[in-house]
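Data block for protein-v3.csv (CSV, N, CA and C atoms and all ligand atoms):
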```csv
chain,number,residue,atom,x,y,z
A,251,MET,N,24.7,-14.1,9.3
A,251,MET,CA,24.1,-13.1,8.3
A,251,MET,C,25.2,-12.4,7.5
A,252,THR,N,25.1,-12.5,6.3
A,252,THR,CA,26.0,-11.8,5.4
A,252,THR,C,25.6,-10.3,5.1
A,253,ASP,N,26.5,-9.6,4.6
A,253,ASP,CA,26.3,-8.2,4.3
A,253,ASP,C,25.1,-7.9,3.3
A,254,ASP,N,25.0,-8.9,2.4
A,254,ASP,CA,24.0,-8.7,1.3
A,254,ASP,C,22.6,-9.3,1.7
A,255,THR,N,22.5,-9.7,3.0
A,255,THR,CA,21.2,-10.2,3.4
A,255,THR,C,20.2,-9.0,3.6
A,256,ARG,N,19.0,-9.1,3.1
A,256,ARG,CA,18.1,-8.1,3.2
A,256,ARG,C,17.0,-8.5,4.2
A,257,GLN,N,16.7,-7.7,5.2
A,257,GLN,CA,15.6,-8.0,6.1
A,257,GLN,C,14.3,-7.6,5.5
A,258,ARG,N,13.4,-8.6,5.5
A,258,ARG,CA,12.1,-8.4,4.9
A,258,ARG,C,11.2,-7.4,5.6
A,259,LYS,N,11.1,-7.6,7.0
A,259,LYS,CA,10.2,-6.8,7.8
A,259,LYS,C,10.5,-5.3,7.7
A,260,PRO,N,11.8,-4.9,8.0
A,260,PRO,CA,12.1,-3.4,7.9
A,260,PRO,C,11.9,-2.8,6.5
A,261,ALA,N,12.2,-3.6,5.5
A,261,ALA,CA,12.0,-3.2,4.1
A,261,ALA,C,10.6,-2.9,3.8
A,262,MET,N,9.7,-3.8,4.3
A,262,MET,CA,8.3,-3.7,4.1
A,262,MET,C,7.7,-2.5,4.9
A,263,LEU,N,8.2,-2.3,6.1
A,263,LEU,CA,7.7,-1.2,6.9
A,263,LEU,C,8.2,0.2,6.3
A,264,ARG,N,9.4,0.2,5.7
A,264,ARG,CA,9.8,1.4,5.0
A,264,ARG,C,9.0,1.7,3.8
A,265,GLY,N,8.7,0.6,3.1
A,265,GLY,CA,7.8,0.8,1.9
A,265,GLY,C,6.4,1.3,2.3
A,266,LEU,N,5.9,0.7,3.5
A,266,LEU,CA,4.6,1.2,4.0
A,266,LEU,C,4.6,2.7,4.3
A,267,ARG,N,5.7,3.2,4.7
A,267,ARG,CA,5.9,4.6,5.0
A,267,ARG,C,6.2,5.4,3.7
A,268,GLN,N,6.2,4.7,2.5
A,268,GLN,CA,6.5,5.3,1.2
A,268,GLN,C,7.9,5.8,1.1
A,269,ARG,N,8.8,5.1,1.7
A,269,ARG,CA,10.2,5.4,1.7
A,269,ARG,C,11.0,4.3,1.0
A,270,CYS,N,12.2,4.6,0.7
A,270,CYS,CA,13.1,3.6,0.1
A,270,CYS,C,13.3,2.4,1.0
A,271,PRO,N,13.1,1.2,0.4
A,271,PRO,CA,13.2,0.0,1.3
A,271,PRO,C,14.7,-0.3,1.7
A,272,ASN,N,15.6,0.3,1.0
A,272,ASN,CA,17.0,0.1,1.3
A,272,ASN,C,17.5,1.0,2.5
A,273,CYS,N,17.2,2.3,2.4
A,273,CYS,CA,17.8,3.2,3.4
A,273,CYS,C,16.7,3.9,4.3
A,274,GLY,N,15.4,3.9,3.8
A,274,GLY,CA,14.3,4.4,4.6
A,274,GLY,C,14.3,5.9,4.6
A,275,GLU,N,15.1,6.6,3.8
A,275,GLU,CA,15.2,8.0,3.7
A,275,GLU,C,14.5,8.6,2.5
A,276,GLY,N,14.9,8.2,1.3
A,276,GLY,CA,14.4,8.7,0.1
A,276,GLY,C,13.0,8.4,-0.2
A,277,GLN,N,12.3,9.3,-0.9
A,277,GLN,CA,10.9,9.1,-1.3
A,277,GLN,C,10.8,8.0,-2.3
A,278,LEU,N,9.8,7.1,-2.1
A,278,LEU,CA,9.6,6.0,-3.0
A,278,LEU,C,8.8,6.4,-4.3
A,279,PHE,N,7.9,7.4,-4.1
A,279,PHE,CA,7.0,7.9,-5.1
A,279,PHE,C,7.3,9.3,-5.5
A,280,THR,N,7.2,9.7,-6.8
A,280,THR,CA,7.3,11.1,-7.2
A,280,THR,C,6.0,11.7,-7.2
A,281,ARG,N,4.9,10.9,-7.5
A,281,ARG,CA,3.5,11.4,-7.4
A,281,ARG,C,2.8,10.4,-6.7
A,282,TYR,N,1.4,10.5,-6.7
A,282,TYR,CA,0.6,9.6,-5.9
A,282,TYR,C,1.0,8.1,-6.0
A,283,LEU,N,1.0,7.5,-7.2
A,283,LEU,CA,1.4,6.1,-7.3
A,283,LEU,C,2.6,6.0,-8.3
A,284,LYS,N,3.2,7.1,-8.7
A,284,LYS,CA,4.3,7.0,-9.7
A,284,LYS,C,5.6,6.8,-8.9
A,285,VAL,N,6.2,5.6,-9.2
A,285,VAL,CA,7.4,5.2,-8.5
A,285,VAL,C,8.6,6.0,-9.0
A,286,ALA,N,9.5,6.5,-8.2
A,286,ALA,CA,10.7,7.2,-8.6
A,286,ALA,C,11.6,6.3,-9.3
A,287,PRO,N,12.4,6.8,-10.2
A,287,PRO,CA,13.4,5.9,-10.9
A,287,PRO,C,14.4,5.3,-10.0
A,288,ALA,N,14.8,6.1,-9.0
A,288,ALA,CA,15.8,5.7,-8.0
A,288,ALA,C,15.7,6.5,-6.7
A,289,CYS,N,16.3,6.0,-5.6
A,289,CYS,CA,16.3,6.7,-4.4
A,289,CYS,C,17.2,7.9,-4.4
A,290,ALA,N,16.7,9.1,-4.0
A,290,ALA,CA,17.5,10.3,-4.0
A,290,ALA,C,18.5,10.3,-2.9
A,291,SER,N,18.4,9.4,-1.9
A,291,SER,CA,19.3,9.4,-0.8
A,291,SER,C,20.4,8.4,-1.0
A,292,CYS,N,20.1,7.1,-1.4
A,292,CYS,CA,21.1,6.1,-1.5
A,292,CYS,C,21.4,5.6,-2.9
A,293,GLY,N,20.6,6.0,-3.8
A,293,GLY,CA,20.8,5.7,-5.2
A,293,GLY,C,20.2,4.3,-5.6
A,294,GLN,N,19.5,3.6,-4.7
A,294,GLN,CA,18.9,2.3,-5.1
A,294,GLN,C,17.9,2.5,-6.2
A,295,SER,N,18.1,1.7,-7.3
A,295,SER,CA,17.2,1.8,-8.4
A,295,SER,C,15.9,1.1,-8.1
A,296,PHE,N,14.8,1.8,-8.4
A,296,PHE,CA,13.4,1.2,-8.3
A,296,PHE,C,12.9,0.6,-9.6
A,297,ALA,N,13.7,0.7,-10.6
A,297,ALA,CA,13.2,0.2,-11.9
A,297,ALA,C,12.8,-1.2,-11.9
A,298,PRO,N,13.4,-2.2,-11.1
A,298,PRO,CA,12.9,-3.6,-11.2
A,298,PRO,C,11.6,-3.8,-10.6
A,299,GLN,N,11.0,-2.8,-9.9
A,299,GLN,CA,9.7,-3.1,-9.1
A,299,GLN,C,8.6,-3.5,-10.1
A,300,LYS,N,7.8,-4.5,-9.7
A,300,LYS,CA,6.7,-4.9,-10.6
A,300,LYS,C,5.5,-5.2,-9.6
A,301,ALA,N,5.0,-4.1,-9.0
A,301,ALA,CA,3.8,-4.3,-8.2
A,301,ALA,C,2.6,-4.6,-9.0
A,302,ASP,N,2.5,-4.2,-10.2
A,302,ASP,CA,1.3,-4.4,-11.1
A,302,ASP,C,0.0,-4.1,-10.4
A,303,ASP,N,-0.9,-5.1,-10.4
A,303,ASP,CA,-2.2,-4.9,-9.8
A,303,ASP,C,-2.3,-5.5,-8.4
A,304,GLY,N,-1.2,-5.9,-7.9
A,304,GLY,CA,-1.2,-6.5,-6.5
A,304,GLY,C,-1.7,-5.5,-5.5
A,305,PRO,N,-1.2,-4.2,-5.4
A,305,PRO,CA,-1.7,-3.3,-4.5
A,305,PRO,C,-3.2,-3.0,-4.6
A,306,ALA,N,-3.8,-3.0,-5.8
A,306,ALA,CA,-5.2,-2.8,-5.9
A,306,ALA,C,-6.0,-4.0,-5.4
A,307,TYR,N,-5.4,-5.2,-5.7
A,307,TYR,CA,-6.1,-6.4,-5.2
A,307,TYR,C,-6.2,-6.4,-3.7
A,308,PHE,N,-5.1,-6.1,-3.0
A,308,PHE,CA,-5.1,-6.2,-1.5
A,308,PHE,C,-5.9,-5.0,-0.9
A,309,THR,N,-5.9,-3.9,-1.6
A,309,THR,CA,-6.7,-2.8,-1.1
A,309,THR,C,-8.2,-3.1,-1.2
A,310,ILE,N,-8.6,-3.7,-2.3
A,310,ILE,CA,-10.0,-4.1,-2.5
A,310,ILE,C,-10.4,-5.2,-1.5
A,311,LEU,N,-9.4,-6.1,-1.2
A,311,LEU,CA,-9.7,-7.2,-0.3
A,311,LEU,C,-10.0,-6.6,1.1
A,312,VAL,N,-9.2,-5.7,1.5
A,312,VAL,CA,-9.4,-5.1,2.9
A,312,VAL,C,-10.6,-4.2,2.9
A,313,MET,N,-10.8,-3.3,1.9
A,313,MET,CA,-11.9,-2.3,1.9
A,313,MET,C,-13.2,-3.0,1.7
A,314,CYS,N,-13.3,-4.1,1.0
A,314,CYS,CA,-14.6,-4.8,0.9
A,314,CYS,C,-15.0,-5.5,2.2
A,315,HIS,N,-14.0,-5.9,3.0
A,315,HIS,CA,-14.4,-6.5,4.3
A,315,HIS,C,-14.9,-5.3,5.2
A,316,ILE,N,-14.2,-4.2,5.2
A,316,ILE,CA,-14.6,-3.0,6.0
A,316,ILE,C,-16.1,-2.6,5.6
A,317,ALA,N,-16.3,-2.6,4.2
A,317,ALA,CA,-17.6,-2.2,3.7
A,317,ALA,C,-18.7,-3.2,4.2
A,318,GLY,N,-18.3,-4.5,4.1
A,318,GLY,CA,-19.3,-5.5,4.5
A,318,GLY,C,-19.7,-5.4,6.0
A,319,PHE,N,-18.7,-5.2,6.9
A,319,PHE,CA,-19.0,-5.0,8.3
A,319,PHE,C,-19.8,-3.7,8.6
A,320,MET,N,-19.4,-2.7,7.8
A,320,MET,CA,-20.1,-1.4,8.0
A,320,MET,C,-21.6,-1.6,7.6
A,321,LEU,N,-21.8,-2.2,6.4
A,321,LEU,CA,-23.2,-2.4,6.0
A,321,LEU,C,-24.0,-3.2,7.0
A,322,HIS,N,-23.4,-4.3,7.5
A,322,HIS,CA,-24.1,-5.1,8.5
A,322,HIS,C,-24.5,-4.3,9.7
A,323,PHE,N,-23.5,-3.6,10.2
A,323,PHE,CA,-23.7,-2.7,11.4
A,323,PHE,C,-24.8,-1.7,11.2
A,324,MET,N,-24.7,-1.0,10.1
A,324,MET,CA,-25.6,0.1,9.8
A,324,MET,C,-27.0,-0.4,9.5
A,325,ILE,N,-27.2,-1.5,8.9
A,325,ILE,CA,-28.5,-2.0,8.6
A,325,ILE,C,-29.2,-2.6,9.8
A,326,VAL,N,-28.4,-3.3,10.6
A,326,VAL,CA,-28.9,-3.9,11.8
A,326,VAL,C,-29.1,-3.0,13.0
A,327,TYR,N,-28.2,-2.0,13.2
A,327,TYR,CA,-28.2,-1.2,14.4
A,327,TYR,C,-28.5,0.2,14.2
A,328,THR,N,-28.8,0.7,13.0
A,328,THR,CA,-29.1,2.1,12.9
A,328,THR,C,-30.4,2.2,12.1
A,329,GLU,N,-31.0,3.4,12.1
A,329,GLU,CA,-32.3,3.6,11.4
A,329,GLU,C,-32.0,4.5,10.1
A,330,LEU,N,-30.7,4.5,9.7
A,330,LEU,CA,-30.4,5.3,8.5
A,330,LEU,C,-31.0,4.6,7.3
A,331,GLY,N,-31.5,5.4,6.3
A,331,GLY,CA,-32.1,4.9,5.1
A,331,GLY,C,-31.0,4.3,4.2
A,332,PRO,N,-31.5,3.7,3.1
A,332,PRO,CA,-30.5,3.1,2.1
A,332,PRO,C,-29.6,4.1,1.5
A,333,TRP,N,-30.1,5.4,1.2
A,333,TRP,CA,-29.3,6.4,0.6
A,333,TRP,C,-28.2,6.8,1.5
A,334,MET,N,-28.5,7.1,2.8
A,334,MET,CA,-27.5,7.6,3.7
A,334,MET,C,-26.5,6.5,4.0
A,335,THR,N,-27.0,5.2,4.1
A,335,THR,CA,-26.1,4.1,4.3
A,335,THR,C,-25.1,4.0,3.1
A,336,ALA,N,-25.6,4.1,1.9
A,336,ALA,CA,-24.7,4.0,0.7
A,336,ALA,C,-23.7,5.1,0.6
A,337,LEU,N,-24.2,6.3,1.0
A,337,LEU,CA,-23.3,7.5,1.0
A,337,LEU,C,-22.2,7.3,2.0
A,338,LEU,N,-22.5,6.9,3.2
A,338,LEU,CA,-21.5,6.8,4.2
A,338,LEU,C,-20.5,5.7,3.9
A,339,VAL,N,-21.0,4.5,3.5
A,339,VAL,CA,-20.1,3.4,3.2
A,339,VAL,C,-19.3,3.8,2.0
A,340,GLY,N,-19.9,4.4,1.0
A,340,GLY,CA,-19.1,4.8,-0.2
A,340,GLY,C,-18.0,5.8,0.1
A,341,ALA,N,-18.3,6.7,1.0
A,341,ALA,CA,-17.3,7.7,1.3
A,341,ALA,C,-16.1,7.1,2.1
A,342,VAL,N,-16.5,6.2,3.0
A,342,VAL,CA,-15.4,5.5,3.8
A,342,VAL,C,-14.6,4.6,2.9
A,343,VAL,N,-15.2,3.9,2.0
A,343,VAL,CA,-14.5,3.0,1.1
A,343,VAL,C,-13.6,3.8,0.1
A,344,LEU,N,-14.1,4.9,-0.4
A,344,LEU,CA,-13.4,5.7,-1.3
A,344,LEU,C,-12.1,6.3,-0.6
A,345,ALA,N,-12.4,7.0,0.5
A,345,ALA,CA,-11.3,7.6,1.2
A,345,ALA,C,-10.2,6.6,1.7
A,346,GLY,N,-10.7,5.5,2.2
A,346,GLY,CA,-9.9,4.4,2.7
A,346,GLY,C,-9.0,3.8,1.6
A,347,SER,N,-9.6,3.6,0.4
A,347,SER,CA,-8.9,3.0,-0.7
A,347,SER,C,-7.8,4.0,-1.2
A,348,LEU,N,-8.1,5.3,-1.3
A,348,LEU,CA,-7.1,6.2,-1.7
A,348,LEU,C,-6.0,6.4,-0.7
A,349,TRP,N,-6.3,6.2,0.5
A,349,TRP,CA,-5.3,6.3,1.6
A,349,TRP,C,-4.4,5.0,1.5
A,350,MET,N,-5.0,3.9,1.4
A,350,MET,CA,-4.3,2.6,1.5
A,350,MET,C,-3.4,2.3,0.2
A,351,LEU,N,-3.9,2.7,-0.9
A,351,LEU,CA,-3.3,2.2,-2.2
A,351,LEU,C,-1.8,2.5,-2.3
A,352,PRO,N,-1.3,3.7,-2.0
A,352,PRO,CA,0.2,3.9,-2.1
A,352,PRO,C,0.9,3.2,-1.0
A,353,ARG,N,0.3,3.1,0.1
A,353,ARG,CA,1.0,2.4,1.3
A,353,ARG,C,1.2,0.9,1.0
A,354,ILE,N,0.1,0.3,0.4
A,354,ILE,CA,0.2,-1.1,0.1
A,354,ILE,C,1.2,-1.3,-1.1
A,355,LYS,N,1.2,-0.4,-2.0
A,355,LYS,CA,2.2,-0.5,-3.1
A,355,LYS,C,3.6,-0.4,-2.6
A,356,GLY,N,3.9,0.6,-1.7
A,356,GLY,CA,5.2,0.7,-1.1
A,356,GLY,C,5.6,-0.6,-0.3
A,357,LEU,N,4.6,-1.1,0.4
A,357,LEU,CA,4.9,-2.4,1.2
A,357,LEU,C,5.2,-3.5,0.2
A,358,MET,N,4.6,-3.6,-0.9
A,358,MET,CA,4.9,-4.7,-1.9
A,358,MET,C,6.2,-4.5,-2.5
A,359,ILE,N,6.6,-3.2,-2.8
A,359,ILE,CA,7.9,-2.9,-3.4
A,359,ILE,C,9.0,-3.2,-2.4
A,360,GLY,N,8.8,-2.9,-1.1
A,360,GLY,CA,9.7,-3.3,-0.1
A,360,GLY,C,9.9,-4.8,0.0
A,361,TRP,N,8.8,-5.5,-0.1
A,361,TRP,CA,8.9,-7.0,-0.1
A,361,TRP,C,9.7,-7.5,-1.3
A,362,GLN,N,9.4,-7.0,-2.5
A,362,GLN,CA,10.1,-7.4,-3.7
A,362,GLN,C,11.6,-7.1,-3.6
A,363,TRP,N,11.9,-5.9,-3.0
A,363,TRP,CA,13.3,-5.5,-2.8
A,363,TRP,C,14.0,-6.5,-1.9
A,364,ALA,N,13.4,-6.8,-0.7
A,364,ALA,CA,14.0,-7.6,0.3
A,364,ALA,C,14.3,-9.1,-0.2
A,365,ASP,N,13.4,-9.6,-1.0
A,365,ASP,CA,13.5,-10.9,-1.6
A,365,ASP,C,14.2,-11.0,-2.9
A,366,ARG,N,14.7,-9.8,-3.4
A,366,ARG,CA,15.5,-9.7,-4.6
A,366,ARG,C,14.7,-10.2,-5.8
A,367,LEU,N,13.4,-9.9,-5.8
A,367,LEU,CA,12.5,-10.3,-7.0
A,367,LEU,C,12.7,-9.4,-8.1
A,368,HIS,N,12.5,-9.9,-9.3
A,368,HIS,CA,12.5,-9.1,-10.6
A,368,HIS,C,13.8,-8.3,-10.8
A,369,GLY,N,14.9,-8.8,-10.3
A,369,GLY,CA,16.2,-8.2,-10.6
A,369,GLY,C,16.7,-7.2,-9.5
A,370,PHE,N,15.9,-7.0,-8.5
A,370,PHE,CA,16.4,-6.1,-7.4
A,370,PHE,C,17.7,-6.6,-6.8
B,1,ZN,ZN,17.4,4.8,-0.4
```

Re-express the file's structure as structure tokens.
Ligand SMILES: [Zn+2]
Amino acid sequence: MTDDTRQRKPAMLRGLRQRCPNCGEGQLFTRYLKVAPACASCGQSFAPQKADDGPAYFTILVMCHIAGFMLHFMIVYTELGPWMTALLVGAVVLAGSLWMLPRIKGLMIGWQWADRLHGF
């Protein structure tokens, strides 16, 4: 292993924690989904990141499966009406999506950094 080898798994886990994939210390985002220009701790530039709509795609993929299983469970095993079912599933999907989105984006940026994609 050479010094410039980047480990994919720790970089992705640091990104999942919304930290710099290089050092794991600096914040990856300045706001909810706004990527910082560079790491405040080690100086790693985040300018090459191109997560684009990937995080939204994976968040939708996961949350639609959760919604599907919730709908099945609630319709088959509970006596809740359609409005209560829609409200509960909608609230879980909304909160879950907002929670997941920055974490998935961080994970994808960590992956891009580790594999030196887009000029990282
Ligand atoms: Zn850093």

- Find the residue from A:Leu330, A:Asn272, A:Lys259, A:Pro352 that sits nearest to Lys284 of chain A; use all atoms listed in the file when measuring.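 Among A:Leu330, A:Asn272, A:Lys259, A:Pro352, it is A:Pro352 that comes nearest to Lys284 of chain A.
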
- Message: Just to confirm, what's the straight-line distance from atom C of Arg267 of chain A to atom C of Gly360 of chain A in Å (one decimal)?
- Response: 11.5 Å

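Across A:Thr280, A:Ser291, A:Gln299, A:Gln257, the tightest approach to ligand ZN 1 (chain B) is made by A:Ser291 when counting all atoms listed in the file.
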
- Message: Which residues are close to Asp365 of chain A, i.e. within 8 Å by all atoms listed in the file, leaving aside same-chain residues fewer than 6 positions away? Reply as an NGL selection string.
- Response: :A and (256-258 or 359)

- May I have the residues within 12 Å of Met350 of chain A as a list in words, using only C-alpha atoms and disregarding those fewer than 3 positions away in the same chain?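 Counting only C-alpha atoms, the residues come to Leu266, Arg267, Gln268, Tyr282, Leu283, Pro305, Ala306, Tyr307, Phe308, Thr309, Ile310, Leu311, Val312, Met313, Val342, Val343, Leu344, Ala345, Gly346, Ser347, Arg353, Ile354, Lys355, Gly356 and Leu357 of chain A.
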
N, CA and C atoms of the current selection, written as an mmCIF file, in the frame of the given file:
```cif
data_model
loop_
_atom_site.group_PDB
_atom_site.id
_atom_site.type_symbol
_atom_site.label_atom_id
_atom_site.label_comp_id
_atom_site.auth_asym_id
_atom_site.auth_seq_id
_atom_site.Cartn_x
_atom_site.Cartn_y
_atom_site.Cartn_z
ATOM 1 N N LEU A 266 5.900 0.700 3.500
ATOM 2 C CA LEU A 266 4.600 1.200 4.000
ATOM 3 C C LEU A 266 4.600 2.700 4.300
ATOM 4 N N ARG A 267 5.700 3.200 4.700
ATOM 5 C CA ARG A 267 5.900 4.600 5.000
ATOM 6 C C ARG A 267 6.200 5.400 3.700
ATOM 7 N N GLN A 268 6.200 4.700 2.500
ATOM 8 C CA GLN A 268 6.500 5.300 1.200
ATOM 9 C C GLN A 268 7.900 5.800 1.100
ATOM 10 N N TYR A 282 1.400 10.500 -6.700
ATOM 11 C CA TYR A 282 0.600 9.600 -5.900
ATOM 12 C C TYR A 282 1.000 8.100 -6.000
ATOM 13 N N LEU A 283 1.000 7.500 -7.200
ATOM 14 C CA LEU A 283 1.400 6.100 -7.300
ATOM 15 C C LEU A 283 2.600 6.000 -8.300
ATOM 16 N N PRO A 305 -1.200 -4.200 -5.400
ATOM 17 C CA PRO A 305 -1.700 -3.300 -4.500
ATOM 18 C C PRO A 305 -3.200 -3.000 -4.600
ATOM 19 N N ALA A 306 -3.800 -3.000 -5.800
ATOM 20 C CA ALA A 306 -5.200 -2.800 -5.900
ATOM 21 C C ALA A 306 -6.000 -4.000 -5.400
ATOM 22 N N TYR A 307 -5.400 -5.200 -5.700
ATOM 23 C CA TYR A 307 -6.100 -6.400 -5.200
ATOM 24 C C TYR A 307 -6.200 -6.400 -3.700
ATOM 25 N N PHE A 308 -5.100 -6.100 -3.000
ATOM 26 C CA PHE A 308 -5.100 -6.200 -1.500
ATOM 27 C C PHE A 308 -5.900 -5.000 -0.900
ATOM 28 N N THR A 309 -5.900 -3.900 -1.600
ATOM 29 C CA THR A 309 -6.700 -2.800 -1.100
ATOM 30 C C THR A 309 -8.200 -3.100 -1.200
ATOM 31 N N ILE A 310 -8.600 -3.700 -2.300
ATOM 32 C CA ILE A 310 -10.000 -4.100 -2.500
ATOM 33 C C ILE A 310 -10.400 -5.200 -1.500
ATOM 34 N N LEU A 311 -9.400 -6.100 -1.200
ATOM 35 C CA LEU A 311 -9.700 -7.200 -0.300
ATOM 36 C C LEU A 311 -10.000 -6.600 1.100
ATOM 37 N N VAL A 312 -9.200 -5.700 1.500
ATOM 38 C CA VAL A 312 -9.400 -5.100 2.900
ATOM 39 C C VAL A 312 -10.600 -4.200 2.900
ATOM 40 N N MET A 313 -10.800 -3.300 1.900
ATOM 41 C CA MET A 313 -11.900 -2.300 1.900
ATOM 42 C C MET A 313 -13.200 -3.000 1.700
ATOM 43 N N VAL A 342 -16.500 6.200 3.000
ATOM 44 C CA VAL A 342 -15.400 5.500 3.800
ATOM 45 C C VAL A 342 -14.600 4.600 2.900
ATOM 46 N N VAL A 343 -15.200 3.900 2.000
ATOM 47 C CA VAL A 343 -14.500 3.000 1.100
ATOM 48 C C VAL A 343 -13.600 3.800 0.100
ATOM 49 N N LEU A 344 -14.100 4.900 -0.400
ATOM 50 C CA LEU A 344 -13.400 5.700 -1.300
ATOM 51 C C LEU A 344 -12.100 6.300 -0.600
ATOM 52 N N ALA A 345 -12.400 7.000 0.500
ATOM 53 C CA ALA A 345 -11.300 7.600 1.200
ATOM 54 C C ALA A 345 -10.200 6.600 1.700
ATOM 55 N N GLY A 346 -10.700 5.500 2.200
ATOM 56 C CA GLY A 346 -9.900 4.400 2.700
ATOM 57 C C GLY A 346 -9.000 3.800 1.600
ATOM 58 N N SER A 347 -9.600 3.600 0.400
ATOM 59 C CA SER A 347 -8.900 3.000 -0.700
ATOM 60 C C SER A 347 -7.800 4.000 -1.200
ATOM 61 N N ARG A 353 0.300 3.100 0.100
ATOM 62 C CA ARG A 353 1.000 2.400 1.300
ATOM 63 C C ARG A 353 1.200 0.900 1.000
ATOM 64 N N ILE A 354 0.100 0.300 0.400
ATOM 65 C CA ILE A 354 0.200 -1.100 0.100
ATOM 66 C C ILE A 354 1.200 -1.300 -1.100
ATOM 67 N N LYS A 355 1.200 -0.400 -2.000
ATOM 68 C CA LYS A 355 2.200 -0.500 -3.100
ATOM 69 C C LYS A 355 3.600 -0.400 -2.600
ATOM 70 N N GLY A 356 3.900 0.600 -1.700
ATOM 71 C CA GLY A 356 5.200 0.700 -1.100
ATOM 72 C C GLY A 356 5.600 -0.600 -0.300
ATOM 73 N N LEU A 357 4.600 -1.100 0.400
ATOM 74 C CA LEU A 357 4.900 -2.400 1.200
ATOM 75 C C LEU A 357 5.200 -3.500 0.200
#
```

- Gly274 of chain A: which residues within 7 Å, counting all atoms listed in the file, same-chain residues fewer than 3 positions away excluded, as a list of chain:residue names? A:Arg264, A:Gly265, A:Arg269, A:Cys270, A:Pro271, A:Gln277

- Message: I'd like to know which residues of chain A are helix (DSSP H, G or I) (by DSSP, run on the backbone); could you write them as a PyMOL selection string?
- Response: chain A and resi 258-266+304-327+332-364+367-369

- Task: Kindly indicate which residue among A:Ile325, A:Cys314, A:Cys273, A:Ala336 lies nearest to Ala290 of chain A, using only C-alpha atoms for the distances.
- Result: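 Under the stated criterion, the closest residue is A:Cys273.
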
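Counting only C-alpha atoms and all ligand atoms and comparing A:Glu275, A:Leu337, A:Lys300, A:Asp254, the residue that lies closest to ligand ZN 1 (chain B) is A:Glu275.
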
- Message: Need the shell around segment 293-298 of chain A: protein/DNA/RNA residues with any atom at most 6.5 Å away, counting all atoms listed in the file. Skip same-chain ones fewer than 4 positions apart. Format as a PyMOL selection string?
- Response: chain A and resi 286-289+367-370
